[in-house]
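Student: Have a peek at coords_34.cif (mmCIF, C-alpha atoms).
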data_data
loop_
_atom_site.label_atom_id
_atom_site.label_comp_id
_atom_site.auth_asym_id
_atom_site.auth_seq_id
_atom_site.Cartn_x
_atom_site.Cartn_y
_atom_site.Cartn_z
CA PHE A 1 -62.01 -12.33 -2.52
CA LYS A 2 -59.26 -14.22 -0.75
CA LEU A 3 -56.19 -12.56 0.71
CA ASN A 4 -52.78 -14.17 0.55
CA GLN A 5 -50.94 -14.67 3.84
CA GLU A 6 -47.42 -13.35 4.17
CA VAL A 7 -45.08 -13.12 7.14
CA ILE A 8 -43.75 -9.60 7.62
CA LYS A 9 -40.68 -9.23 9.78
CA GLY A 10 -40.90 -6.43 12.33
CA ASP A 11 -39.25 -5.19 15.47
CA VAL A 12 -39.70 -7.21 18.67
CA ILE A 13 -41.58 -5.28 21.35
CA ILE A 14 -41.24 -6.48 24.95
CA VAL A 15 -43.75 -5.16 27.50
CA LYS A 16 -42.50 -5.70 31.04
CA GLU A 17 -43.64 -4.48 34.42
CA GLU A 18 -42.34 -5.48 37.83
CA LYS A 19 -44.27 -5.45 41.08
CA PRO A 20 -42.73 -2.90 43.47
CA LEU A 21 -41.09 -4.20 46.62
CA VAL A 22 -43.08 -1.71 48.72
CA GLU A 23 -46.67 -0.88 47.78
CA THR A 24 -47.23 2.50 49.39
CA ASP A 25 -51.00 2.45 48.81
CA LEU A 26 -51.51 -0.98 50.40
CA ILE A 27 -52.87 -0.57 53.93
CA SER A 28 -53.67 -4.23 54.69
CA SER A 29 -51.88 -7.58 54.92
CA ARG A 30 -52.91 -9.23 51.67
CA LYS A 31 -52.06 -12.50 49.96
CA THR A 32 -53.19 -13.20 46.40
CA ILE A 33 -53.54 -16.81 45.23
CA THR A 34 -53.98 -17.37 41.49
CA ALA A 35 -55.67 -20.22 39.64
CA GLU A 36 -52.27 -21.62 38.64
CA MET A 37 -51.25 -21.79 42.30
CA ILE A 38 -54.54 -23.46 43.30
CA GLU A 39 -54.00 -26.24 40.72
CA LYS A 40 -50.72 -27.19 42.42
CA MET A 41 -51.94 -26.96 46.03
CA PRO A 42 -53.21 -30.03 47.99
CA ILE A 43 -56.67 -28.64 48.76
CA GLU A 44 -60.27 -29.81 48.52
CA ASP A 45 -62.13 -26.55 49.17
CA ILE A 46 -61.69 -22.95 50.26
CA THR A 47 -61.18 -23.98 53.90
CA ASP A 48 -58.07 -25.97 52.98
CA LEU A 49 -56.81 -22.99 51.01
CA LEU A 50 -57.13 -20.71 54.03
CA ASN A 51 -55.41 -23.16 56.36
CA LEU A 52 -52.33 -23.01 54.10
CA THR A 53 -52.22 -19.22 54.44
CA ALA A 54 -50.18 -17.43 57.09
CA GLY A 55 -52.40 -16.16 59.90
CA PHE A 56 -55.07 -18.88 59.52
CA ILE A 57 -55.53 -21.92 61.75
CA ASP A 58 -58.49 -24.28 61.33
CA GLY A 59 -60.40 -21.64 59.37
CA HIS A 60 -59.83 -18.90 61.97
CA ALA A 61 -57.92 -15.73 61.11
CA ARG A 62 -55.50 -14.19 63.62
CA GLY A 63 -57.09 -16.07 66.54
CA GLY A 64 -60.58 -14.78 65.78
CA ARG A 65 -63.84 -16.59 66.45
CA ASP A 66 -66.36 -18.15 64.09
CA GLY A 67 -68.31 -15.60 62.07
CA GLU A 68 -65.59 -12.93 62.05
CA ILE A 69 -64.46 -13.52 58.45
CA LEU A 70 -66.19 -11.85 55.51
CA TYR A 71 -66.43 -14.12 52.45
CA LEU A 72 -67.03 -12.48 49.08
CA ILE A 73 -67.67 -13.95 45.64
CA ASP A 74 -66.84 -11.38 42.96
CA GLY A 75 -67.24 -8.68 45.60
CA VAL A 76 -70.68 -9.88 46.75
CA SER A 77 -71.14 -11.12 50.31
CA ALA A 78 -71.60 -14.91 50.50
CA ILE A 79 -72.21 -15.51 54.21
CA ASP A 80 -75.18 -16.84 56.13
CA PRO A 81 -76.84 -13.74 57.68
CA MET A 82 -77.92 -15.70 60.76
CA PHE A 83 -74.61 -17.30 61.77
CA ASN A 84 -72.27 -15.09 59.71
CA SER A 85 -70.62 -18.19 58.25
CA PHE A 86 -69.62 -19.22 54.74
CA ASP A 87 -72.41 -21.60 53.77
CA THR A 88 -71.72 -22.25 50.11
CA ASP A 89 -68.86 -23.43 47.90
CA ILE A 90 -67.16 -22.75 44.57
CA PRO A 91 -65.59 -25.40 42.31
CA GLU A 92 -61.81 -25.06 42.32
CA THR A 93 -61.82 -24.92 38.51
CA ALA A 94 -64.00 -21.79 38.68
CA VAL A 95 -61.66 -19.68 40.85
CA ALA A 96 -59.49 -17.24 38.92
CA GLU A 97 -57.97 -15.51 41.92
CA THR A 98 -58.42 -15.29 45.68
CA ASP A 99 -57.46 -12.27 47.78
CA ILE A 100 -56.98 -12.93 51.49
CA LEU A 101 -56.76 -9.95 53.84
CA THR A 102 -55.96 -10.40 57.53
CA SER A 103 -55.52 -6.87 58.90
CA GLY A 104 -55.97 -3.19 58.14
CA PHE A 105 -59.14 -3.43 56.07
CA SER A 106 -60.07 -0.44 53.95
CA VAL A 107 -63.42 1.35 54.10
CA GLU A 108 -64.79 -0.60 51.12
CA TYR A 109 -65.31 -3.64 53.40
CA SER A 110 -67.73 -3.99 56.28
CA ASN A 111 -68.89 -6.64 58.75
CA ALA A 112 -65.41 -8.16 59.06
CA LEU A 113 -63.33 -8.45 62.23
CA SER A 114 -60.63 -11.08 61.63
CA GLY A 115 -60.23 -11.42 57.88
CA ILE A 116 -61.63 -11.02 54.38
CA VAL A 117 -61.67 -13.65 51.64
CA ASN A 118 -62.60 -12.35 48.19
CA MET A 119 -62.90 -15.03 45.50
CA VAL A 120 -62.91 -13.85 41.89
CA THR A 121 -64.44 -16.34 39.46
CA LYS A 122 -63.36 -17.06 35.91
CA GLU A 123 -65.21 -15.95 32.81
CA GLY A 124 -65.34 -17.33 29.28
CA GLY A 125 -62.45 -16.62 26.96
CA SER A 126 -62.31 -15.71 23.29
CA ASN A 127 -62.09 -19.43 22.38
CA LEU A 128 -63.94 -22.49 23.68
CA SER A 129 -61.88 -24.13 26.43
CA GLY A 130 -62.33 -26.13 29.60
CA SER A 131 -60.88 -28.63 32.04
CA PHE A 132 -61.86 -31.89 33.72
CA ARG A 133 -60.44 -33.59 36.80
CA ILE A 134 -61.13 -36.67 38.95
CA LYS A 135 -59.70 -37.08 42.46
CA THR A 136 -60.02 -40.10 44.74
CA ASP A 137 -58.24 -41.92 47.56
CA ASP A 138 -60.18 -45.15 46.93
CA ASN A 139 -57.58 -47.79 46.03
CA GLU A 140 -59.86 -50.82 46.02
CA PHE A 141 -59.80 -51.01 42.24
CA ILE A 142 -56.13 -52.10 42.35
CA ASP A 143 -56.70 -54.59 45.22
CA MET A 144 -54.23 -53.00 47.61
CA PHE A 145 -55.94 -51.26 50.51
CA PRO A 146 -59.07 -49.14 50.86
CA GLY A 147 -58.85 -45.37 50.86
CA LEU A 148 -58.69 -43.48 54.11
CA HIS A 149 -61.97 -41.73 53.47
CA ASN A 150 -63.27 -43.48 50.33
CA SER A 151 -63.59 -40.03 48.79
CA ARG A 152 -64.33 -39.29 45.15
CA THR A 153 -64.51 -35.89 43.48
CA ILE A 154 -65.40 -35.05 39.89
CA GLU A 155 -65.08 -31.47 38.69
CA GLY A 156 -64.87 -29.61 35.42
CA SER A 157 -65.41 -26.31 33.66
CA LEU A 158 -66.17 -25.02 30.17
CA GLY A 159 -66.45 -21.54 28.69
CA GLY A 160 -66.19 -19.47 25.56
CA PRO A 161 -67.87 -16.82 23.38
CA VAL A 162 -71.58 -16.80 22.53
CA ALA A 163 -72.09 -17.36 18.79
CA GLY A 164 -68.58 -16.13 18.10
CA GLU A 165 -69.24 -12.72 19.67
CA SER A 166 -66.19 -11.61 21.67
CA SER A 167 -68.26 -9.12 23.68
CA LEU A 168 -70.59 -11.83 25.06
CA ARG A 169 -69.05 -14.82 26.84
CA TRP A 170 -70.29 -17.69 29.00
CA PHE A 171 -68.70 -19.92 31.64
CA ILE A 172 -69.93 -22.89 33.66
CA ALA A 173 -68.23 -25.09 36.28
CA GLY A 174 -69.44 -27.96 38.42
CA GLU A 175 -68.22 -30.26 41.16
CA SER A 176 -69.61 -33.43 42.75
CA SER A 177 -67.97 -35.17 45.70
CA SER A 178 -68.64 -37.92 48.22
CA ASP A 179 -66.79 -38.94 51.38
CA MET A 180 -67.58 -42.10 53.35
CA GLY A 181 -65.15 -41.25 56.16
CA PRO A 182 -62.73 -43.61 57.92
CA TYR A 183 -63.93 -47.22 57.57
CA GLY A 184 -67.08 -46.00 55.81
CA ILE A 185 -68.89 -45.08 59.01
CA LYS A 186 -70.17 -41.70 57.87
CA ASN A 187 -71.50 -40.23 54.68
CA GLU A 188 -71.06 -36.78 53.16
CA GLU A 189 -72.13 -35.80 49.67
CA SER A 190 -72.13 -32.38 48.01
CA SER A 191 -72.64 -30.85 44.59
CA THR A 192 -71.90 -27.36 43.34
CA ILE A 193 -72.64 -25.63 40.07
CA MET A 194 -71.56 -22.11 39.14
CA SER A 195 -72.04 -20.18 35.91
CA ASN A 196 -71.88 -16.66 34.57
CA LEU A 197 -72.65 -14.64 31.45
CA THR A 198 -70.42 -11.65 30.76
CA TRP A 199 -71.21 -8.81 28.36
CA ARG A 200 -68.82 -6.01 27.44
CA PRO A 201 -70.87 -3.47 25.50
CA TYR A 202 -68.17 -0.79 25.71
CA LYS A 203 -64.44 -0.69 26.29
CA ASN A 204 -64.56 0.10 30.03
CA THR A 205 -67.93 -1.48 30.84
CA LYS A 206 -68.58 -5.05 31.93
CA ILE A 207 -71.96 -6.51 32.94
CA ARG A 208 -72.03 -9.97 34.51
CA LEU A 209 -74.93 -12.24 35.45
CA SER A 210 -73.78 -14.95 37.89
CA PHE A 211 -75.39 -18.07 39.35
CA ASN A 212 -74.12 -20.29 42.16
CA HIS A 213 -75.84 -23.30 43.76
CA HIS A 214 -74.44 -25.57 46.47
CA TYR A 215 -76.15 -28.61 47.99
CA LYS A 216 -74.78 -30.79 50.78
CA THR A 217 -76.03 -33.73 52.83
CA TYR A 218 -74.13 -35.46 55.61
CA ASN A 219 -74.45 -37.50 58.77
CA SER A 220 -71.92 -37.44 61.60
CA TYR A 221 -70.50 -40.29 63.65
CA VAL A 222 -69.83 -40.28 67.41
CA HIS A 223 -68.04 -43.36 68.74
CA ARG A 224 -69.76 -43.38 72.13
#
Take the structure in the file and give it back as structure tokens.
Tutor:
Amino acid sequence: FKLNQEVIKGDVIIVKEEKPLVETDLISSRKTITAEMIEKMPIEDITDLLNLTAGFIDGHARGGRDGEILYLIDGVSAIDPMFNSFDTDIPETAVAETDILTSGFSVEYSNALSGIVNMVTKEGGSNLSGSFRIKTDDNEFIDMFPGLHNSRTIEGSLGGPVAGESSLRWFIAGESSSDMGPYGIKNEESSTIMSNLTWRPYKNTKIRLSFNHHYKTYNSYVHR
């Protein structure tokens, strides 16, 4: 049988919570960057994001050396065990939030001297949704002047429930970019794909299966 829809007027309930000026349980210098902030920032990858953060210069935290920063993706270490460097990438459209810590690390972290970068990825929502974006500095198509780096980037994401089940959700994001460098004298191409499957069997339980693949080829140019 079919139910008739009717608007019932009720009391307005406003739920509001403010972040305290002083967090007494916070023992480290932490900056949180959300997905909304990332969309408005002039960045190409996680390195650009760090360089716009206080305490970071050219990918180094607080004057530290290479290999002193711990990179985490959803709490899992994502560094090269040989050189202790971040050797992968995540599409910008896949980042939900990034926590950057530069001092006073708690005991839950290890193998970090200068800083910690924890990237939390998005997961599928209750409805099918996604985004698509193209970035380039190649202006040849309007016959003005060539781009500084002849760079082109295509990225997008899509996610939602599996067969209408709210407890099982999927998400996938990808990025492909190329950079010819000044005057087209070098070549750098990379592609990244990231996906996850999230299952919430109970109210306070979440199980996630994640996949991340990054591939990059490049050749350098030395004038001499």
Student: For a quick check of understanding, using only C-alpha atoms, which of A:Leu113, A:Ile8, A:Ile100, A:Lys135 has the smallest distance to A:Pro42?
Tutor: A:Lys135
Student: Under the PyMOL selection byres ((chain A and resi 112) around 10), which residues of this model are included? Write them out as a compact mmCIF listing (two decimals) with C-alpha atoms, in the coordinates of the input.
Tutor:
# COMPACT_ATOMS: atom_id res chain seq x y z
CA GLY A 67 -68.31 -15.60 62.07
CA GLU A 68 -65.59 -12.93 62.05
CA ILE A 69 -64.46 -13.52 58.45
CA LEU A 70 -66.19 -11.85 55.51
CA TYR A 71 -66.43 -14.12 52.45
CA ASN A 84 -72.27 -15.09 59.71
CA THR A 102 -55.96 -10.40 57.53
CA SER A 103 -55.52 -6.87 58.90
CA PHE A 105 -59.14 -3.43 56.07
CA TYR A 109 -65.31 -3.64 53.40
CA SER A 110 -67.73 -3.99 56.28
CA ASN A 111 -68.89 -6.64 58.75
CA LEU A 113 -63.33 -8.45 62.23
CA SER A 114 -60.63 -11.08 61.63
CA GLY A 115 -60.23 -11.42 57.88
CA ILE A 116 -61.63 -11.02 54.38
CA VAL A 117 -61.67 -13.65 51.64
Student: Could you tell me how far atom CA of A:Thr198 sits from atom CA of A:Glu92, in Å to one decimal place?
Tutor: 19.7 Å
Student: May I ask which of the residues A:Glu39, A:Pro20, A:Tyr215, A:Asp80 is the closest one to A:Arg133, counting only C-alpha atoms?
Tutor: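 Using only C-alpha atoms, the shortest distance to A:Arg133 belongs to A:Glu39.
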Student: Evaluate the PyMOL selection byres ((chain A and resi 55) around 12) on the structure here and hand back the selected residues as an NGL selection string.
Tutor: :A and (29-31 or 50-54 or 56-64 or 100-103 or 114-116)
Student: So what do you get for atom CA of A:Thr217 versus atom CA of A:Thr34, distance-wise?
Tutor: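 It comes out at 29.7 Å.
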Student: Expanded to explicit residues, what is the PyMOL selection byres ((chain A and resi 119-124) around 7) for this file, as a PDB file with C-alpha atoms, keeping the file's coordinate frame?
Tutor:
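Output saved as result39.pdb:
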ATOM      1  CA  LEU A  72     -67.030 -12.480  49.080  1.00  0.00           C
ATOM      2  CA  ILE A  73     -67.670 -13.950  45.640  1.00  0.00           C
ATOM      3  CA  ASP A  74     -66.840 -11.380  42.960  1.00  0.00           C
ATOM      4  CA  ALA A  94     -64.000 -21.790  38.680  1.00  0.00           C
ATOM      5  CA  VAL A  95     -61.660 -19.680  40.850  1.00  0.00           C
ATOM      6  CA  ALA A  96     -59.490 -17.240  38.920  1.00  0.00           C
ATOM      7  CA  GLU A  97     -57.970 -15.510  41.920  1.00  0.00           C
ATOM      8  CA  THR A  98     -58.420 -15.290  45.680  1.00  0.00           C
ATOM      9  CA  ASP A  99     -57.460 -12.270  47.780  1.00  0.00           C
ATOM     10  CA  VAL A 117     -61.670 -13.650  51.640  1.00  0.00           C
ATOM     11  CA  ASN A 118     -62.600 -12.350  48.190  1.00  0.00           C
ATOM     12  CA  GLY A 125     -62.450 -16.620  26.960  1.00  0.00           C
ATOM     13  CA  SER A 126     -62.310 -15.710  23.290  1.00  0.00           C
ATOM     14  CA  GLY A 159     -66.450 -21.540  28.690  1.00  0.00           C
ATOM     15  CA  GLY A 160     -66.190 -19.470  25.560  1.00  0.00           C
ATOM     16  CA  PRO A 161     -67.870 -16.820  23.380  1.00  0.00           C
ATOM     17  CA  ARG A 169     -69.050 -14.820  26.840  1.00  0.00           C
ATOM     18  CA  TRP A 170     -70.290 -17.690  29.000  1.00  0.00           C
ATOM     19  CA  PHE A 171     -68.700 -19.920  31.640  1.00  0.00           C
ATOM     20  CA  ASN A 196     -71.880 -16.660  34.570  1.00  0.00           C
TER      21      ASN A 196
END
Student: One decimal, Å: what's the distance from atom CA of A:Ser177 over to atom CA of A:Ser190, could you say?
Tutor: 5.5 Å
Student: Find the residues near A:Tyr202: any atom within 12 Å, counting only C-alpha atoms, skip ones fewer than 4 places away on the same chain, and give them as a list in words.
Tutor: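 In the requested format, the answer is Ser166, Ser167, Leu168, Lys206 and Ile207 of chain A.
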